[in-house]
Structure formats: C-alpha cells, structure tokens
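A.B. asks: My structure is in work_18.csv, and what it holds is CSV, C-alpha atoms:
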```csv
chain,number,residue,atom,x,y,z
A,1,MET,CA,98.4,44.1,148.0
A,2,SER,CA,96.6,47.3,147.1
A,3,THR,CA,95.2,47.8,143.6
A,4,ARG,CA,97.8,50.5,142.9
A,5,LEU,CA,100.7,48.2,143.9
A,6,ARG,CA,99.3,45.3,141.9
A,7,LEU,CA,99.1,47.5,138.7
A,8,VAL,CA,102.8,48.6,139.2
A,9,ALA,CA,103.9,45.0,139.7
A,10,ASP,CA,101.9,43.8,136.7
A,11,ARG,CA,103.5,46.5,134.5
A,12,ALA,CA,107.0,45.6,135.6
A,13,ALA,CA,106.4,41.9,134.9
A,14,ALA,CA,105.1,42.7,131.4
A,15,THR,CA,108.1,44.9,130.6
A,16,ALA,CA,110.5,42.2,131.7
A,17,GLU,CA,108.9,39.7,129.4
A,18,LEU,CA,109.1,41.9,126.3
A,19,PRO,CA,111.7,40.7,123.7
A,20,PRO,CA,114.7,43.0,123.0
A,21,PRO,CA,114.2,45.4,120.0
A,22,PRO,CA,115.6,44.0,116.8
A,23,THR,CA,119.1,45.1,115.8
A,24,GLU,CA,119.9,46.3,112.3
A,25,PRO,CA,122.6,44.6,110.3
A,26,PRO,CA,125.9,46.4,110.4
A,27,HIS,CA,125.7,47.8,106.9
A,28,GLY,CA,121.9,47.9,106.4
A,29,GLU,CA,122.0,46.0,103.1
A,30,PRO,CA,123.4,42.5,102.4
A,31,LEU,CA,125.0,43.7,99.1
A,32,HIS,CA,127.4,45.9,101.0
A,33,GLU,CA,128.9,42.8,102.5
A,34,GLU,CA,129.6,41.2,99.1
A,35,PRO,CA,133.2,41.7,97.8
A,36,GLY,CA,132.0,42.4,94.3
A,37,PRO,CA,133.9,42.0,91.0
A,38,GLY,CA,137.3,43.7,90.5
A,39,ALA,CA,137.8,47.0,88.8
A,40,ALA,CA,139.1,45.3,85.6
A,41,ARG,CA,135.9,43.2,85.2
A,42,CYS,CA,133.7,46.3,85.8
A,43,LEU,CA,135.6,48.3,83.2
A,44,GLY,CA,135.1,45.4,80.8
A,45,LEU,CA,131.4,45.7,81.4
A,46,TYR,CA,131.4,49.5,81.0
A,47,ALA,CA,133.3,49.1,77.7
A,48,LYS,CA,130.3,47.4,76.2
A,49,LEU,CA,128.1,50.4,76.8
A,50,ALA,CA,127.7,52.3,73.5
A,51,ALA,CA,127.6,56.1,74.0
A,52,GLY,CA,127.9,59.3,72.1
A,53,VAL,CA,131.1,61.2,72.5
A,54,THR,CA,130.9,64.7,73.9
A,55,VAL,CA,133.3,67.4,75.0
A,56,VAL,CA,132.4,69.4,78.1
A,57,THR,CA,133.9,72.9,78.3
A,58,ALA,CA,133.9,75.6,81.0
A,59,ARG,CA,135.6,78.9,81.7
A,60,GLY,CA,138.6,78.6,84.0
A,61,GLU,CA,140.5,81.3,85.8
A,62,ASP,CA,143.2,81.3,83.1
A,63,GLY,CA,141.1,80.6,80.0
A,64,PRO,CA,138.9,77.9,78.5
A,65,LEU,CA,139.0,74.3,79.9
A,66,GLY,CA,137.5,71.2,78.4
A,67,MET,CA,137.6,67.4,78.5
A,68,THR,CA,136.1,64.5,76.5
A,69,VAL,CA,133.2,62.7,78.2
A,70,SER,CA,131.3,59.7,77.1
A,71,ALA,CA,128.9,59.5,80.1
A,72,VAL,CA,126.4,62.2,79.3
A,73,THR,CA,122.6,61.7,79.2
A,74,SER,CA,119.3,63.5,79.2
A,75,LEU,CA,117.8,63.7,82.7
A,76,SER,CA,114.6,65.7,82.3
A,77,ALA,CA,112.6,67.6,79.7
A,78,ARG,CA,110.6,69.8,82.1
A,79,PRO,CA,112.7,71.3,83.5
A,80,PRO,CA,115.4,70.7,80.8
A,81,LEU,CA,118.3,68.9,82.6
A,82,LEU,CA,121.4,67.1,81.4
A,83,LEU,CA,123.6,64.7,83.5
A,84,ALA,CA,127.3,64.4,82.9
A,85,CYS,CA,129.9,62.3,84.7
A,86,LEU,CA,133.3,64.2,85.1
A,87,ARG,CA,136.5,62.6,86.5
A,88,ASP,CA,137.4,63.6,90.0
A,89,GLY,CA,140.3,66.0,90.2
A,90,SER,CA,139.9,67.5,86.7
A,91,ARG,CA,140.3,71.2,86.2
A,92,THR,CA,137.2,71.3,84.1
A,93,LEU,CA,135.2,69.9,87.0
A,94,ALA,CA,136.6,72.5,89.3
A,95,ALA,CA,135.6,75.3,86.8
A,96,VAL,CA,132.1,73.8,86.5
A,97,ARG,CA,131.7,73.9,90.3
A,98,SER,CA,133.1,77.4,90.7
A,99,ARG,CA,131.6,79.2,87.7
A,100,ARG,CA,128.3,77.3,87.8
A,101,THR,CA,128.1,77.1,84.0
A,102,PHE,CA,129.4,74.7,81.4
A,103,ALA,CA,128.7,73.5,77.8
A,104,VAL,CA,128.2,70.1,76.4
A,105,HIS,CA,129.1,69.4,72.8
A,106,LEU,CA,127.9,66.3,70.9
A,107,LEU,CA,130.7,65.5,68.4
A,108,ARG,CA,130.3,64.5,64.7
A,109,GLU,CA,131.7,61.3,63.3
A,110,GLU,CA,134.5,63.2,61.6
A,111,GLN,CA,135.7,64.8,64.9
A,112,GLN,CA,137.7,61.9,66.3
A,113,GLU,CA,140.9,63.9,66.4
A,114,LEU,CA,139.2,66.6,68.4
A,115,ALA,CA,137.8,63.9,70.8
A,116,GLY,CA,141.3,62.4,71.2
A,117,ARG,CA,142.9,65.8,71.8
A,118,PHE,CA,140.5,66.7,74.6
A,119,ALA,CA,140.9,63.3,76.1
A,120,SER,CA,144.7,63.2,76.2
A,121,PRO,CA,146.1,63.7,79.8
A,122,THR,CA,149.3,65.2,78.4
A,123,THR,CA,147.6,67.9,76.3
A,124,THR,CA,147.4,71.3,77.9
A,125,ALA,CA,144.2,73.4,77.9
A,126,ALA,CA,145.7,75.8,75.3
A,127,GLU,CA,146.6,72.9,73.0
A,128,ARG,CA,143.2,71.4,73.3
A,129,PHE,CA,141.5,74.6,72.0
A,130,ALA,CA,144.3,75.5,69.5
A,131,GLY,CA,142.9,75.8,66.0
A,132,THR,CA,139.3,75.4,67.0
A,133,ASP,CA,136.6,77.9,66.2
A,134,THR,CA,135.3,79.0,69.6
A,135,ARG,CA,132.8,81.6,70.7
A,136,GLN,CA,131.3,82.6,74.0
A,137,VAL,CA,127.8,81.8,74.9
A,138,LEU,CA,126.6,82.9,78.4
A,139,GLY,CA,130.3,83.3,79.3
A,140,VAL,CA,131.1,79.7,78.3
A,141,PRO,CA,133.4,78.6,75.5
A,142,VAL,CA,131.4,76.9,72.8
A,143,LEU,CA,133.1,74.8,70.0
A,144,ALA,CA,131.8,75.5,66.5
A,145,GLY,CA,131.1,72.6,64.2
A,146,SER,CA,129.8,70.1,66.7
A,147,LEU,CA,126.7,68.1,65.9
A,148,ALA,CA,124.8,69.8,68.8
A,149,TRP,CA,125.6,71.8,71.9
A,150,SER,CA,124.0,73.1,75.0
A,151,VAL,CA,125.1,75.6,77.6
A,152,CYS,CA,124.0,74.6,81.1
A,153,LEU,CA,123.7,76.2,84.5
A,154,THR,CA,125.1,74.0,87.2
A,155,GLU,CA,122.3,72.7,89.3
A,156,ASP,CA,124.0,70.0,91.4
A,157,VAL,CA,127.4,68.2,91.8
A,158,ARG,CA,127.7,65.0,93.7
A,159,ARG,CA,130.7,62.7,94.1
A,160,TYR,CA,130.3,58.9,93.5
A,161,GLY,CA,133.5,56.9,93.6
A,162,ASP,CA,136.1,58.4,91.3
A,163,HIS,CA,133.7,60.6,89.3
A,164,HIS,CA,131.2,63.4,90.0
A,165,LEU,CA,127.7,63.6,88.7
A,166,VAL,CA,127.0,67.0,87.4
A,167,VAL,CA,123.4,68.1,86.7
A,168,GLY,CA,122.9,71.1,84.5
A,169,ARG,CA,119.9,73.1,83.5
A,170,VAL,CA,119.9,73.7,79.8
A,171,ALA,CA,119.9,77.5,79.1
A,172,ALA,CA,120.9,77.6,75.4
A,173,VAL,CA,120.9,74.9,72.8
A,174,HIS,CA,121.7,74.3,69.1
A,175,VAL,CA,121.1,71.2,67.1
A,176,GLY,CA,122.7,70.7,63.7
A,177,ALA,CA,122.7,67.9,61.1
A,178,GLY,CA,125.0,65.0,60.6
A,179,ARG,CA,126.1,61.7,62.3
A,180,PRO,CA,127.2,61.3,65.9
A,181,LEU,CA,130.6,60.0,66.9
A,182,LEU,CA,130.2,56.9,69.1
A,183,TRP,CA,132.4,55.2,71.7
A,184,HIS,CA,132.1,51.4,72.2
A,185,ASP,CA,134.5,48.7,73.3
A,186,ARG,CA,137.3,51.3,73.8
A,187,ARG,CA,137.2,52.6,70.3
A,188,PHE,CA,135.4,55.1,68.1
A,189,GLY,CA,132.5,54.1,65.9
A,190,THR,CA,129.8,55.5,63.7
A,191,LEU,CA,126.2,54.8,62.7
A,192,THR,CA,125.5,52.9,59.5
A,193,GLU,CA,121.9,54.0,58.8
A,194,PRO,CA,121.0,57.3,57.2
A,195,VAL,CA,120.5,60.1,59.6
A,196,PRO,CA,117.6,62.6,58.8
A,197,GLU,CA,118.6,66.2,58.4
A,198,ALA,CA,117.8,68.4,61.4
A,199,ALA,CA,118.4,71.9,62.4
A,200,GLY,CA,117.4,74.1,65.3
```
Starting from the file, lay out its structure as structure tokens.
C.D. replies:
Amino acid sequence: MSTRLRLVADRAAATAELPPPPTEPPHGEPLHEEPGPGAARCLGLYAKLAAGVTVVTARGEDGPLGMTVSAVTSLSARPPLLLACLRDGSRTLAAVRSRRTFAVHLLREEQQELAGRFASPTTTAAERFAGTDTRQVLGVPVLAGSLAWSVCLTEDVRRYGDHHLVVGRVAAVHVGAGRPLLWHDRRFGTLTEPVPEAAG
C-alpha cells in the first residue's frame, strides 16, 4: 500500500471510531421540564410582596388613560430608568407602546380611593380621571397631589406571560412629602414610622 493510500485509510478508521456528538436536552434546562406550582400558589406568594402603589398614565387617542400598578421599580440611575409591569391587553399599555411616553405616580397613603378607581375593571377612562387635578407634562397626563411622579420616554416593551415589562427613561420628575400607599397581602397598608420631609 502506498504512503498516500495508507494515510487515507488511517483517517477513515479514526473518523469511524469517533463518538457521536453529544445531543442537547429537548428544552435546554431541566427546570423547563418541571410542572411547577399552580397559579393560585404563585399568586399567594406574590401577595406577600410588599410594594408601593402607583398609577401609570398615558395619552390615548380619545383622551387620557391610566391604571393602578403595584409592580414598579427603579432600574438604573445612569441613565435614569424605571421598570413597570403592565397587564397584557390594557388600553394604557397600548398607549404606552404607540405614544412612547407615560407617567408613573407614587400615591400617598390617603389616596386609596384613587388607587381603587384606577384599578376597577368596570370604571371607564373618563370616570377614572373625573374630579382629579390633571395637567400635561411632555404631552402626558400627570395627576396632581401624588407623593411623587415621573414622566418617562418608552425605551423597551417586552412580553412575559400575561404582563409586559415596560422600561422608561425618566425625562421629568417631581418628589413631594408624605407617606406612601402600600399594597401587601391583597390590601392597602401604610408605614408606621415617621417619614422625613422631602421636596424636589
């Protein structure tokens, strides 16, 4: 056998002896195969998370829109970014996506009625804003009297399950004084310690 033929035969034999490449699991991660807890148990867990109560507003085609949201958090200081979770299918979410601007209001402890009104599925947009002192900031309806508010430019919107994560870049902000309205265990609550006065 010539040297060239011998090299070709040796390569073929070596290739035949190689083990097959490893195959990836069907879902990549073992956790995806677990059934997980039911929705009721997850909601029971989420109910134990204490959060400030906020109202998110936006400008719709027919006027101002808004909804009560408890899942709002700071995301970054530089650049200044806020993160809000809005329910899938809401008109407020549609306005946030189309107009690319929205406002986040941190409510005071005495604003439980306002929070309930903006959370009610049977209350129209006009009824939610009825009797509220509202002004326009960067084209977005801003509710007067809240503990603090910010107007944000929509940076990103991504769907996760039955909610969308909305990232907004803070373009205007006001911070007042008072106590925040809290949501815990499916009911409103308030702080008990003194809150230092602040303005800005």
A.B. asks: With all atoms listed in the file counted and 9 Å as the cut-off, give the residues of stretch 79-193 of chain A in contact with stretch 43-52 of chain A, each with its shortest interatomic distance in Å and the pair that gives it, as a tab-separated table.
C.D. replies:
```
residue	atom	partner	partner_atom	distance
A:Leu106	CA	A:Gly52	CA	7.1
A:Leu107	CA	A:Gly52	CA	7.7
A:Pro180	CA	A:Gly52	CA	6.6
A:Leu181	CA	A:Gly52	CA	5.9
A:Leu182	CA	A:Gly52	CA	4.5
A:Trp183	CA	A:Ala51	CA	5.4
A:His184	CA	A:Ala50	CA	4.7
A:Asp185	CA	A:Ala47	CA	4.6
A:Arg186	CA	A:Ala47	CA	6.0
```
A.B. asks: Using the selection just defined, write its residues with C-alpha atoms as a PDB file, in the frame of the given file.
C.D. replies:
```
ATOM      1  CA  LEU A 106     127.900  66.300  70.900  1.00  0.00           C
ATOM      2  CA  LEU A 107     130.700  65.500  68.400  1.00  0.00           C
ATOM      3  CA  PRO A 180     127.200  61.300  65.900  1.00  0.00           C
ATOM      4  CA  LEU A 181     130.600  60.000  66.900  1.00  0.00           C
ATOM      5  CA  LEU A 182     130.200  56.900  69.100  1.00  0.00           C
ATOM      6  CA  TRP A 183     132.400  55.200  71.700  1.00  0.00           C
ATOM      7  CA  HIS A 184     132.100  51.400  72.200  1.00  0.00           C
ATOM      8  CA  ASP A 185     134.500  48.700  73.300  1.00  0.00           C
ATOM      9  CA  ARG A 186     137.300  51.300  73.800  1.00  0.00           C
TER      10      ARG A 186
END
```
A.B. asks: For A:Val167, list every protein, DNA or RNA residue within 12 Å, evaluated using only C-alpha atoms, and leave out those in the same chain fewer than 3 positions away; present the list as number ranges by chain.
C.D. replies: A: 72-76, 79-86, 93, 96-97, 100-104, 151-159, 164, 170
A.B. asks: Quick one, how far is atom CA of A:Pro141 from atom CA of A:Asp62?
C.D. replies: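 Atom CA of A:Pro141 sits 12.7 Å away from atom CA of A:Asp62.
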A.B. asks: Take atom CA of A:Thr190 and atom CA of A:Asp162 and report the distance between them in Å, one decimal.
C.D. replies: 28.5 Å
A.B. asks: Choose the residue, out of A:Ser98, A:Thr192, A:Ser90, A:Thr68, that has the smallest atom-to-atom separation from A:Leu114; count all atoms listed in the file.
C.D. replies: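 The closest residue to A:Leu114 is A:Thr68.
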A.B. asks: One decimal, Å: what's the distance from atom CA of A:Thr122 over to atom CA of A:Gln136, could you say?
C.D. replies: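 Atom CA of A:Gln136 lies 25.4 Å from atom CA of A:Thr122.
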A.B. asks: Looking at only C-alpha atoms, which of A:Ala126, A:Ala172, A:Ala115, A:Ala95 is the one that sits closest to A:Glu61?
C.D. replies: A:Ala95
A.B. asks: With all atoms listed in the file as the atoms that count, which of A:Val142, A:Ala39, A:Val55, A:Ala130 lies nearest to A:Phe118?
C.D. replies: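 Smallest separation from A:Phe118 among the options: A:Val55.
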A.B. asks: What would stretch 132-146 of chain A look like with N, CA, C and O atoms in place, written as a compact mmCIF listing (two decimals), in the coordinates of the input?
C.D. replies:
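Output file part_37.txt is given in full below:
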```txt
# COMPACT_ATOMS: atom_id res chain seq x y z
N THR A 132 140.71 75.58 67.04
CA THR A 132 139.30 75.40 67.00
C THR A 132 138.54 76.71 66.97
O THR A 132 139.02 77.71 67.52
N ASP A 133 137.41 76.71 66.29
CA ASP A 133 136.60 77.90 66.20
C ASP A 133 135.71 77.97 67.45
O ASP A 133 134.77 77.18 67.59
N THR A 134 136.03 78.89 68.35
CA THR A 134 135.30 79.00 69.60
C THR A 134 134.69 80.32 69.81
O THR A 134 135.27 81.35 69.46
N ARG A 135 133.50 80.34 70.34
CA ARG A 135 132.80 81.60 70.70
C ARG A 135 132.25 81.48 72.09
O ARG A 135 132.17 80.38 72.66
N GLN A 136 131.86 82.60 72.65
CA GLN A 136 131.30 82.60 74.00
C GLN A 136 129.80 82.69 73.97
O GLN A 136 129.20 83.50 73.27
N VAL A 137 129.20 81.79 74.73
CA VAL A 137 127.80 81.80 74.90
C VAL A 137 127.48 81.76 76.41
O VAL A 137 127.88 80.80 77.10
N LEU A 138 126.89 82.81 76.93
CA LEU A 138 126.60 82.90 78.40
C LEU A 138 127.92 82.81 79.16
O LEU A 138 127.95 82.26 80.26
N GLY A 139 129.02 83.31 78.58
CA GLY A 139 130.30 83.30 79.30
C GLY A 139 131.03 81.96 79.20
O GLY A 139 132.07 81.80 79.84
N VAL A 140 130.53 81.00 78.42
CA VAL A 140 131.10 79.70 78.30
C VAL A 140 131.69 79.46 76.93
O VAL A 140 131.05 79.83 75.94
N PRO A 141 132.89 78.88 76.81
CA PRO A 141 133.40 78.60 75.50
C PRO A 141 132.66 77.50 74.76
O PRO A 141 132.48 76.40 75.30
N VAL A 142 132.19 77.81 73.57
CA VAL A 142 131.40 76.90 72.80
C VAL A 142 132.18 76.56 71.48
O VAL A 142 132.61 77.49 70.78
N LEU A 143 132.34 75.28 71.19
CA LEU A 143 133.10 74.80 70.00
C LEU A 143 132.15 74.81 68.79
O LEU A 143 131.10 74.15 68.81
N ALA A 144 132.54 75.52 67.74
CA ALA A 144 131.80 75.50 66.50
C ALA A 144 131.97 74.18 65.79
O ALA A 144 133.00 73.52 65.94
N GLY A 145 130.98 73.79 65.00
CA GLY A 145 131.10 72.60 64.20
C GLY A 145 130.67 71.31 64.81
O GLY A 145 130.71 70.25 64.16
N SER A 146 130.23 71.34 66.06
CA SER A 146 129.80 70.10 66.70
C SER A 146 128.36 69.76 66.19
O SER A 146 127.66 70.60 65.63
```
